[in-house]
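Below is upload-v1.txt, which holds compact mmCIF, C-alpha atoms and all ligand atoms.
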# COMPACT_ATOMS: atom_id res chain seq x y z
CA MET M 19 -32.05 -8.15 -128.45
CA THR M 20 -31.25 -9.66 -125.01
CA PRO M 21 -27.73 -8.71 -123.78
CA ARG M 22 -25.42 -11.70 -123.76
CA GLU M 23 -24.46 -13.33 -120.46
CA LYS M 24 -21.19 -13.10 -118.61
CA HIS M 25 -19.91 -16.42 -117.22
CA ILE M 26 -17.23 -16.08 -114.53
CA ILE M 27 -15.52 -19.06 -112.87
CA ILE M 28 -13.94 -18.34 -109.46
CA THR M 29 -11.89 -20.91 -107.53
CA GLY M 30 -11.71 -20.67 -103.74
CA ALA M 31 -14.99 -18.73 -103.71
CA SER M 32 -16.23 -20.04 -100.35
CA ARG M 33 -14.41 -17.43 -98.24
CA GLY M 34 -11.75 -14.72 -98.21
CA PHE M 35 -10.79 -12.90 -101.38
CA GLY M 36 -12.65 -15.30 -103.70
CA ARG M 37 -15.90 -14.75 -101.83
CA ASP M 38 -15.38 -10.98 -101.97
CA LEU M 39 -14.78 -11.15 -105.72
CA ALA M 40 -18.00 -13.12 -106.18
CA MET M 41 -19.92 -10.51 -104.16
CA HIS M 42 -18.61 -7.70 -106.36
CA MET M 43 -19.22 -9.57 -109.61
CA ALA M 44 -22.77 -10.65 -108.74
CA GLU M 45 -25.33 -8.84 -110.85
CA SER M 46 -28.11 -9.53 -113.28
CA GLY M 47 -26.82 -11.06 -116.51
CA THR M 48 -23.86 -12.70 -114.79
CA VAL M 49 -23.58 -16.43 -114.13
CA LEU M 50 -21.05 -17.19 -111.40
CA HIS M 51 -19.43 -20.64 -111.34
CA LEU M 52 -18.04 -21.07 -107.83
CA ILE M 53 -15.46 -23.75 -107.02
CA ALA M 54 -14.46 -24.86 -103.50
CA ARG M 55 -14.71 -27.86 -101.17
CA SER M 56 -17.10 -26.29 -98.62
CA ASP M 57 -20.84 -25.90 -98.79
CA MET M 58 -21.62 -22.47 -100.31
CA SER M 59 -25.43 -22.43 -100.04
CA ALA M 60 -25.57 -19.35 -97.76
CA LEU M 61 -23.29 -17.45 -100.15
CA VAL M 62 -25.39 -18.54 -103.12
CA HIS M 63 -28.49 -16.91 -101.56
CA GLU M 64 -26.61 -13.65 -101.06
CA LEU M 65 -25.34 -13.63 -104.63
CA GLU M 66 -28.76 -14.48 -106.06
CA ALA M 67 -30.24 -11.61 -104.05
CA ARG M 68 -27.87 -9.37 -106.01
CA GLY M 69 -29.33 -10.66 -109.28
CA ALA M 70 -26.68 -13.20 -110.31
CA GLU M 71 -27.29 -16.78 -111.37
CA VAL M 72 -24.99 -19.08 -109.40
CA ARG M 73 -23.71 -22.58 -110.09
CA THR M 74 -21.50 -24.31 -107.51
CA TRP M 75 -18.93 -26.94 -108.37
CA LYS M 76 -17.66 -28.85 -105.35
CA GLN M 77 -14.07 -29.78 -106.07
CA ASP M 78 -10.87 -30.46 -104.18
CA LEU M 79 -8.36 -28.73 -106.44
CA THR M 80 -5.50 -30.94 -105.26
CA GLN M 81 -7.21 -33.71 -107.28
CA THR M 82 -5.56 -32.37 -110.41
CA ALA M 83 -6.46 -35.38 -112.60
CA GLU M 84 -10.12 -34.29 -112.32
CA LEU M 85 -9.72 -30.70 -113.47
CA HIS M 86 -10.06 -31.18 -117.23
CA ASP M 87 -13.37 -32.92 -116.61
CA LEU M 88 -14.45 -30.11 -114.28
CA ILE M 89 -13.88 -27.47 -116.97
CA SER M 90 -15.62 -29.73 -119.55
CA ARG M 91 -18.71 -29.95 -117.34
CA ILE M 92 -18.72 -26.18 -116.79
CA ALA M 93 -18.28 -25.57 -120.53
CA GLU M 94 -21.16 -27.93 -121.35
CA SER M 95 -23.40 -25.86 -119.06
CA ILE M 96 -22.69 -22.65 -121.04
CA SER M 97 -24.58 -21.73 -124.20
CA LYS M 98 -22.21 -20.28 -126.81
CA GLN M 99 -24.84 -18.20 -128.53
CA ASP M 100 -26.04 -16.55 -125.31
CA THR M 101 -22.56 -15.70 -124.00
CA GLY M 102 -20.60 -12.46 -124.46
CA PHE M 103 -17.93 -12.80 -121.76
CA LEU M 104 -16.02 -15.70 -120.21
CA GLY M 105 -13.83 -15.23 -117.13
CA LEU M 106 -11.71 -17.45 -114.91
CA VAL M 107 -10.20 -16.29 -111.62
CA ASN M 108 -7.66 -18.76 -110.24
CA ASN M 109 -7.88 -17.57 -106.65
CA ALA M 110 -7.84 -20.68 -104.42
CA GLY M 111 -4.61 -20.97 -102.49
CA MET M 112 -3.01 -22.16 -99.27
CA ILE M 113 0.08 -21.34 -97.22
CA ASP M 114 0.33 -24.54 -95.14
CA PRO M 115 2.58 -26.31 -94.24
CA VAL M 116 4.81 -23.37 -93.22
CA GLY M 117 8.44 -24.28 -92.57
CA PRO M 118 11.64 -25.01 -94.44
CA ALA M 119 11.64 -27.41 -97.40
CA GLY M 120 12.29 -30.94 -96.20
CA LYS M 121 10.64 -30.47 -92.80
CA TYR M 122 7.04 -31.53 -93.47
CA SER M 123 5.47 -34.60 -95.00
CA TYR M 124 5.87 -35.15 -98.71
CA ASP M 125 2.08 -35.23 -99.16
CA ALA M 126 1.46 -31.93 -97.36
CA TYR M 127 4.15 -30.20 -99.40
CA LYS M 128 2.74 -31.76 -102.61
CA SER M 129 -0.78 -30.48 -101.84
CA ASN M 130 0.59 -26.97 -101.52
CA LEU M 131 2.19 -27.20 -104.97
CA GLU M 132 -1.02 -28.66 -106.45
CA ILE M 133 -3.37 -25.99 -105.16
CA ASN M 134 -1.08 -23.01 -105.75
CA PHE M 135 0.52 -23.99 -109.06
CA VAL M 136 -0.66 -27.19 -110.78
CA ALA M 137 -4.40 -26.53 -110.46
CA PRO M 138 -4.41 -22.89 -111.70
CA ILE M 139 -2.24 -23.76 -114.70
CA LEU M 140 -4.23 -26.88 -115.64
CA LEU M 141 -7.55 -25.07 -115.24
CA THR M 142 -6.31 -22.29 -117.52
CA HIS M 143 -4.98 -24.83 -120.01
CA ALA M 144 -8.40 -26.55 -120.09
CA PHE M 145 -10.19 -23.17 -120.28
CA ILE M 146 -8.12 -22.22 -123.35
CA GLN M 147 -8.72 -25.65 -124.95
CA HIS M 148 -12.48 -25.38 -124.54
CA PHE M 149 -13.00 -21.74 -125.40
CA GLN M 150 -10.15 -20.66 -127.73
CA ASP M 151 -12.40 -20.45 -130.79
CA TRP M 152 -15.29 -18.67 -129.11
CA ASP M 153 -15.60 -15.13 -130.47
CA VAL M 154 -16.29 -13.53 -127.08
CA VAL M 155 -14.21 -11.56 -124.57
CA LYS M 156 -12.20 -14.14 -122.57
CA ARG M 157 -10.13 -13.23 -119.53
CA VAL M 158 -8.13 -15.13 -116.90
CA ILE M 159 -6.76 -13.68 -113.65
CA MET M 160 -4.17 -15.68 -111.71
CA ILE M 161 -4.07 -14.55 -108.06
CA SER M 162 -0.41 -14.21 -107.22
CA SER M 163 1.41 -12.69 -104.25
CA GLY M 164 4.27 -10.39 -103.31
CA ALA M 165 5.94 -13.68 -102.32
CA SER M 166 6.45 -14.41 -106.04
CA LYS M 167 9.23 -11.83 -106.04
CA LYS M 168 10.68 -12.11 -102.53
CA PRO M 169 12.00 -15.22 -100.72
CA TYR M 170 10.52 -15.77 -97.24
CA HIS M 171 12.09 -18.38 -94.95
CA GLY M 172 9.46 -21.09 -94.50
CA TRP M 173 7.55 -20.37 -97.72
CA SER M 174 9.68 -22.15 -100.36
CA HIS M 175 6.60 -23.83 -101.91
CA TYR M 176 4.42 -20.72 -101.78
CA CYS M 177 7.07 -18.32 -103.16
CA SER M 178 8.04 -20.65 -105.98
CA THR M 179 4.47 -21.56 -106.98
CA LYS M 180 3.48 -17.89 -107.13
CA ALA M 181 6.61 -17.08 -109.18
CA GLY M 182 5.58 -19.91 -111.51
CA VAL M 183 2.07 -18.53 -111.85
CA ASP M 184 3.52 -15.11 -112.77
CA MET M 185 5.71 -16.62 -115.48
CA PHE M 186 2.84 -18.71 -116.84
CA SER M 187 0.74 -15.53 -117.19
CA ARG M 188 3.50 -13.71 -119.04
CA THR M 189 4.19 -16.65 -121.36
CA ALA M 190 0.60 -17.63 -122.14
CA GLY M 191 -0.15 -13.91 -122.51
CA ILE M 192 2.42 -13.67 -125.31
CA GLU M 193 1.16 -16.87 -126.96
CA GLN M 194 -2.39 -15.61 -127.00
CA THR M 195 -1.49 -12.45 -128.94
CA LYS M 196 -1.12 -14.76 -131.99
CA GLN M 197 -4.65 -16.11 -131.67
CA ARG M 198 -7.62 -14.92 -133.69
CA HIS M 199 -9.81 -14.92 -130.56
CA PRO M 200 -7.27 -14.47 -127.76
CA VAL M 201 -7.73 -15.37 -124.11
CA GLU M 202 -6.32 -12.42 -122.13
CA ILE M 203 -4.33 -13.51 -119.06
CA MET M 204 -2.80 -11.52 -116.20
CA ALA M 205 -1.46 -12.17 -112.70
CA PHE M 206 -2.49 -10.04 -109.73
CA ASN M 207 -0.97 -9.63 -106.28
CA PRO M 208 -3.67 -8.44 -103.85
CA GLY M 209 -1.14 -7.53 -101.12
CA ARG M 210 -1.66 -8.54 -97.50
CA ILE M 211 -5.42 -8.76 -97.00
CA ALA M 212 -7.40 -9.66 -93.89
CA THR M 213 -8.52 -13.25 -94.57
CA ASP M 214 -8.13 -16.67 -92.94
CA MET M 215 -4.79 -17.09 -94.70
CA GLN M 216 -3.33 -14.14 -92.77
CA LYS M 217 -4.63 -15.66 -89.53
CA THR M 218 -2.85 -18.92 -90.40
CA ILE M 219 0.36 -16.98 -91.05
CA ARG M 220 0.16 -15.15 -87.69
CA GLU M 221 -0.27 -18.49 -85.91
CA THR M 222 2.95 -20.03 -87.29
CA SER M 223 6.01 -20.42 -85.07
CA GLU M 224 9.04 -18.15 -85.27
CA GLU M 225 11.17 -21.22 -85.92
CA ASP M 226 9.17 -22.11 -89.03
CA PHE M 227 8.58 -18.53 -90.13
CA PRO M 228 11.02 -15.98 -88.65
CA MET M 229 9.04 -13.04 -90.12
CA VAL M 230 5.91 -13.93 -88.14
CA HIS M 231 6.31 -10.88 -85.85
CA ASP M 232 6.24 -8.53 -88.82
CA PHE M 233 2.86 -9.99 -89.83
CA ILE M 234 1.54 -9.80 -86.25
CA SER M 235 2.64 -6.14 -85.96
CA ALA M 236 1.04 -5.24 -89.28
CA TRP M 237 -2.20 -6.80 -88.06
CA LYS M 238 -2.10 -4.94 -84.71
CA GLU M 239 -1.28 -1.65 -86.43
CA GLY M 240 -4.13 -2.15 -88.89
CA VAL M 241 -1.87 -1.76 -91.92
CA ILE M 242 -3.31 -4.78 -93.67
CA GLY M 243 -5.50 -4.45 -96.77
CA ASP M 244 -9.27 -4.73 -96.85
CA SER M 245 -10.07 -7.81 -98.96
CA ARG M 246 -13.47 -6.43 -100.02
CA GLU M 247 -12.01 -3.14 -101.20
CA VAL M 248 -9.21 -4.78 -103.23
CA ALA M 249 -11.73 -7.28 -104.67
CA GLY M 250 -13.91 -4.38 -105.78
CA ARG M 251 -11.05 -2.81 -107.71
CA LEU M 252 -10.04 -6.11 -109.33
CA SER M 253 -13.64 -6.88 -110.32
CA ARG M 254 -13.83 -3.57 -112.16
CA LEU M 255 -10.57 -4.35 -113.97
CA MET M 256 -11.89 -7.79 -114.99
CA LEU M 257 -14.74 -6.11 -116.87
CA ALA M 258 -12.97 -2.90 -117.98
CA GLU M 259 -12.48 -2.04 -121.64
CA PHE M 260 -8.67 -2.38 -121.34
CA PHE M 261 -7.25 -5.54 -119.73
CA PRO M 262 -3.45 -5.73 -119.21
CA SER M 263 -2.88 -9.17 -120.70
CA GLY M 264 0.54 -10.74 -120.10
CA GLU M 265 1.25 -8.39 -117.18
CA ILE M 266 1.72 -8.86 -113.46
CA LEU M 267 -0.07 -6.17 -111.49
CA SER M 268 -0.41 -5.51 -107.78
CA HIS M 269 -3.01 -3.80 -105.61
CA ARG M 270 -0.88 -0.65 -105.89
CA ASP M 271 -1.32 -0.53 -109.68
CA ILE M 272 -5.09 -0.51 -109.97
N1 LIG Y 1 -4.48 -13.23 -97.61
C1 LIG Y 1 -3.39 -12.61 -98.04
O1 LIG Y 1 -2.80 -11.76 -97.35
C2 LIG Y 1 -2.89 -12.88 -99.43
C3 LIG Y 1 -1.78 -12.16 -99.88
C4 LIG Y 1 -1.31 -12.39 -101.17
C5 LIG Y 1 -1.94 -13.33 -101.98
N2 LIG Y 1 -3.02 -14.02 -101.50
C6 LIG Y 1 -3.65 -15.00 -102.40
O2 LIG Y 1 -5.04 -14.71 -102.49
C7 LIG Y 1 -5.76 -15.92 -102.78
C8 LIG Y 1 -6.93 -16.07 -101.84
O3 LIG Y 1 -6.42 -16.22 -100.52
P1 LIG Y 1 -7.29 -15.92 -99.21
O4 LIG Y 1 -6.44 -15.08 -98.36
O5 LIG Y 1 -8.65 -15.50 -99.57
O6 LIG Y 1 -7.29 -17.41 -98.59
P2 LIG Y 1 -8.35 -18.11 -97.65
O7 LIG Y 1 -9.15 -17.12 -96.91
O8 LIG Y 1 -7.57 -19.12 -96.89
O9 LIG Y 1 -9.33 -18.87 -98.69
C9 LIG Y 1 -8.81 -19.90 -99.48
C10 LIG Y 1 -9.87 -20.36 -100.46
O10 LIG Y 1 -9.27 -21.41 -101.24
C11 LIG Y 1 -10.10 -22.56 -101.19
N3 LIG Y 1 -9.31 -23.78 -101.17
C12 LIG Y 1 -8.25 -24.07 -100.35
N4 LIG Y 1 -7.82 -25.31 -100.57
C13 LIG Y 1 -8.61 -25.82 -101.55
C14 LIG Y 1 -8.67 -27.07 -102.21
N5 LIG Y 1 -7.83 -28.08 -101.91
N6 LIG Y 1 -9.62 -27.26 -103.16
C15 LIG Y 1 -10.48 -26.27 -103.45
N7 LIG Y 1 -10.48 -25.06 -102.88
C16 LIG Y 1 -9.56 -24.85 -101.93
C17 LIG Y 1 -10.89 -22.42 -99.89
O11 LIG Y 1 -12.13 -23.10 -100.04
P3 LIG Y 1 -12.53 -24.46 -99.28
O12 LIG Y 1 -11.74 -24.52 -98.00
O13 LIG Y 1 -14.00 -24.33 -99.10
O14 LIG Y 1 -12.17 -25.54 -100.24
C18 LIG Y 1 -11.10 -20.92 -99.81
O15 LIG Y 1 -12.26 -20.54 -100.51
C19 LIG Y 1 -4.73 -17.06 -102.68
O16 LIG Y 1 -4.29 -17.41 -103.97
C20 LIG Y 1 -3.59 -16.44 -101.91
O17 LIG Y 1 -2.36 -17.06 -102.19
C21 LIG Y 1 -3.51 -13.81 -100.26
Could the structure of this file be written out as structure tokens, please?
Amino acid sequence: MTPREKHIIITGASRGFGRDLAMHMAESGTVLHLIARSDMSALVHELEARGAEVRTWKQDLTQTAELHDLISRIAESISKQDTGFLGLVNNAGMIDPVGPAGKYSYDAYKSNLEINFVAPILLTHAFIQHFQDWDVVKRVIMISSGASKKPYHGWSHYCSTKAGVDMFSRTAGIEQTKQRHPVEIMAFNPGRIATDMQKTIRETSEEDFPMVHDFISAWKEGVIGDSREVAGRLSRLMLAEFFPSGEILSHRDI
């Protein structure tokens, strides 16, 4: 009998932590569904060389009215009888515009809320709607942040969206325990990792983000996490026998 396929959807897969997750998850028998706005053809070649099948879905996640249709199209591309595992990693995120609430344009602030909070929750909602009855292992990881627990001046949108994502994971995690074929859901804080987002943070002004010097020092001292290494650990957890559904874990826990 042919082993059943794993289908894993990753948002924000074009670079940074999402790209590193895709690299770790790429293997024969796995179909990766990569979502981002940028062209990912070079990445697709690398992942295919590792044995994975790759499907790319170009999508601006701030267009939240389109996300149910996106998950429908992905679901239509998956054969139920050939599938043994379904995963969704809500990884795409942004920190801009950094500065106190009220300072920047309404639209820029709104985009931040859409990408960090509205899109991950709606994608998970649609994922549950489409796959609830499938008798396969189903797992969702919401990429959170230490900022979900600590207020940073200049990050009111980011801190509150990540706190919201944590609470969604806990709540939906409880709800799913009542289901015959549950979707397991957890939130994960990768810690400070060396990606473009950290570069953006280091380039913000002290006025907008008074803690900027702490982030610059951490970078200079090399005490910032390795995105590839953390992604490797999280990828193993995604496929491990035990998955801590309903919990909020950090890079220190796994
Ligand atoms: N870096 C850190 O230190 C750190 C710490 C804690 C938590 N995190 C979290 O880790 C996750 C990954 O962050 P990262 O550091 O890897 O960030 P990154 O390097 O800036 O990458 C962000 C990813 O999100 C995608 N993205 C951004 N806006 C999008 C949009 N409107 N539509 C679709 N895709 C969009 C980007 O793809 P395109 O530009 O191609 O669309 C890119 O693939 C985020 O949730 C972040 O909050 C990061």
>> Let me make sure I understand: among M:Ala212, M:Leu79, M:Met229, M:Leu88, which one has the smallest atom-to-atom distance to His51 in chain M if we use all atoms listed in the file?
In response: M:Leu88
> What is the distance, in Å and to one decimal place, between CA of Lys167 in chain M and CA of Glu193 in chain M?
Replying inline: 23.0 Å
>> List as a VMD selection string the protein and nucleic acid residues near range 109-115 of chain M, meaning an atom at most 7 Å away when all atoms listed in the file are counted, but skip any in the same chain fewer than 6 places from it.
In response: chain M and resid 28 to 30 36 122 126 to 127 130 133 to 134 160 to 161 176 215
>> I'd like the contact shell of Thr142 in chain M - 12 Å cut-off, only C-alpha atoms, skipping same-chain residues fewer than 3 positions apart - returned as a count of residues only.
In response: 37
Neighbours of Pro169 in chain M within 12 Å (all atoms listed in the file; same-chain residues fewer than 6 positions away dropped), as a PDB file with C-alpha atoms, keeping the file's coordinate frame?
ATOM      1  CA  PRO M 118      11.640 -25.010 -94.440  1.00  0.00           C
ATOM      2  CA  SER M 163       1.410 -12.690-104.250  1.00  0.00           C
ATOM      3  CA  HIS M 175       6.600 -23.830-101.910  1.00  0.00           C
ATOM      4  CA  TYR M 176       4.420 -20.720-101.780  1.00  0.00           C
ATOM      5  CA  CYS M 177       7.070 -18.320-103.160  1.00  0.00           C
ATOM      6  CA  SER M 178       8.040 -20.650-105.980  1.00  0.00           C
ATOM      7  CA  THR M 179       4.470 -21.560-106.980  1.00  0.00           C
ATOM      8  CA  LYS M 180       3.480 -17.890-107.130  1.00  0.00           C
ATOM      9  CA  ALA M 181       6.610 -17.080-109.180  1.00  0.00           C
ATOM     10  CA  PHE M 227       8.580 -18.530 -90.130  1.00  0.00           C
ATOM     11  CA  MET M 229       9.040 -13.040 -90.120  1.00  0.00           C
TER      12      MET M 229
END
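Of the residues listed (M:Ile192, M:Ala165, M:Leu131, M:Met41), M:Met41 shows the shortest atom-to-atom separation from Leu252 in chain M; distances use only C-alpha atoms.
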Skip Gly172 in chain M itself and residues of its chain fewer than 2 positions away, then list as a tab-separated table (two decimals) with C-alpha atoms, keeping the file's coordinate frame all residues within 7 Å of it, counting only C-alpha atoms.
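Result written to part-v8.tsv:
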chain	number	residue	atom	x	y	z
M	116	VAL	CA	4.81	-23.37	-93.22
M	117	GLY	CA	8.44	-24.28	-92.57
M	118	PRO	CA	11.64	-25.01	-94.44
M	170	TYR	CA	10.52	-15.77	-97.24
M	174	SER	CA	9.68	-22.15	-100.36
M	226	ASP	CA	9.17	-22.11	-89.03
M	227	PHE	CA	8.58	-18.53	-90.13
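Those DNA, RNA and protein residues that approach the point (-26.3, -12.4, -116.7) to within 6 Å, considering all atoms listed in the file, are Glu23, Lys24, Ser46, Gly47, Thr48 and Val49 of chain M.
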Saved selection, atoms kept: C-alpha atoms, as a PDB file, keeping the file's coordinate frame:
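Here's the written file again10.pdb:
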ATOM      1  CA  GLU M  23     -24.460 -13.330-120.460  1.00  0.00           C
ATOM      2  CA  LYS M  24     -21.190 -13.100-118.610  1.00  0.00           C
ATOM      3  CA  SER M  46     -28.110  -9.530-113.280  1.00  0.00           C
ATOM      4  CA  GLY M  47     -26.820 -11.060-116.510  1.00  0.00           C
ATOM      5  CA  THR M  48     -23.860 -12.700-114.790  1.00  0.00           C
ATOM      6  CA  VAL M  49     -23.580 -16.430-114.130  1.00  0.00           C
TER       7      VAL M  49
END
Can you report as lines of an AutoDock Vina configuration file the centre and edge lengths in Å, to one decimal, of an axis-aligned box around the listed atoms of ligand LIG 1 (chain Y) padded with 4 Å on each side?
center_x = -7.7
center_y = -19.9
center_z = -100.4
size_x = 20.7
size_y = 24.3
size_z = 15.1
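Our summary of the geometry notes that CA of Asp151 in chain M is positioned 6.1 Å from CA of His199 in chain M.
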> Excluding same-chain residues fewer than 5 positions from Leu50 in chain M, what lies within 12 Å of it counting only C-alpha atoms, as number ranges by chain?
Replying inline: M: 23-29, 31, 36-37, 39-45, 61-62, 65-66, 68-75, 92, 95-96, 103-107
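Using all atoms listed in the file, the nearest neighbour of ligand LIG 1 (chain Y) within the list M:Arg270, M:Arg55, M:Arg22, M:His63 is M:Arg55.
The space separating CA of Ser97 in chain M from CA of Pro200 in chain M comes to 19.1 Å.
Each of M:Thr189, M:Ser90, M:Thr80, M:Ser253 was compared to ligand LIG 1 (chain Y) using all atoms listed in the file, and M:Thr80 turns out to be the nearest.
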> Which is closer to Asp100 in chain M than all the others in M:Ile211, M:Leu257, M:Ile272, M:Val154, using only C-alpha atoms?
Replying inline: M:Val154
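Distances from M:Ser32, M:Gly209, M:Pro21, M:Asp153 to Ala249 in chain M were compared using all atoms listed in the file, and the smallest one belongs to M:Gly209.
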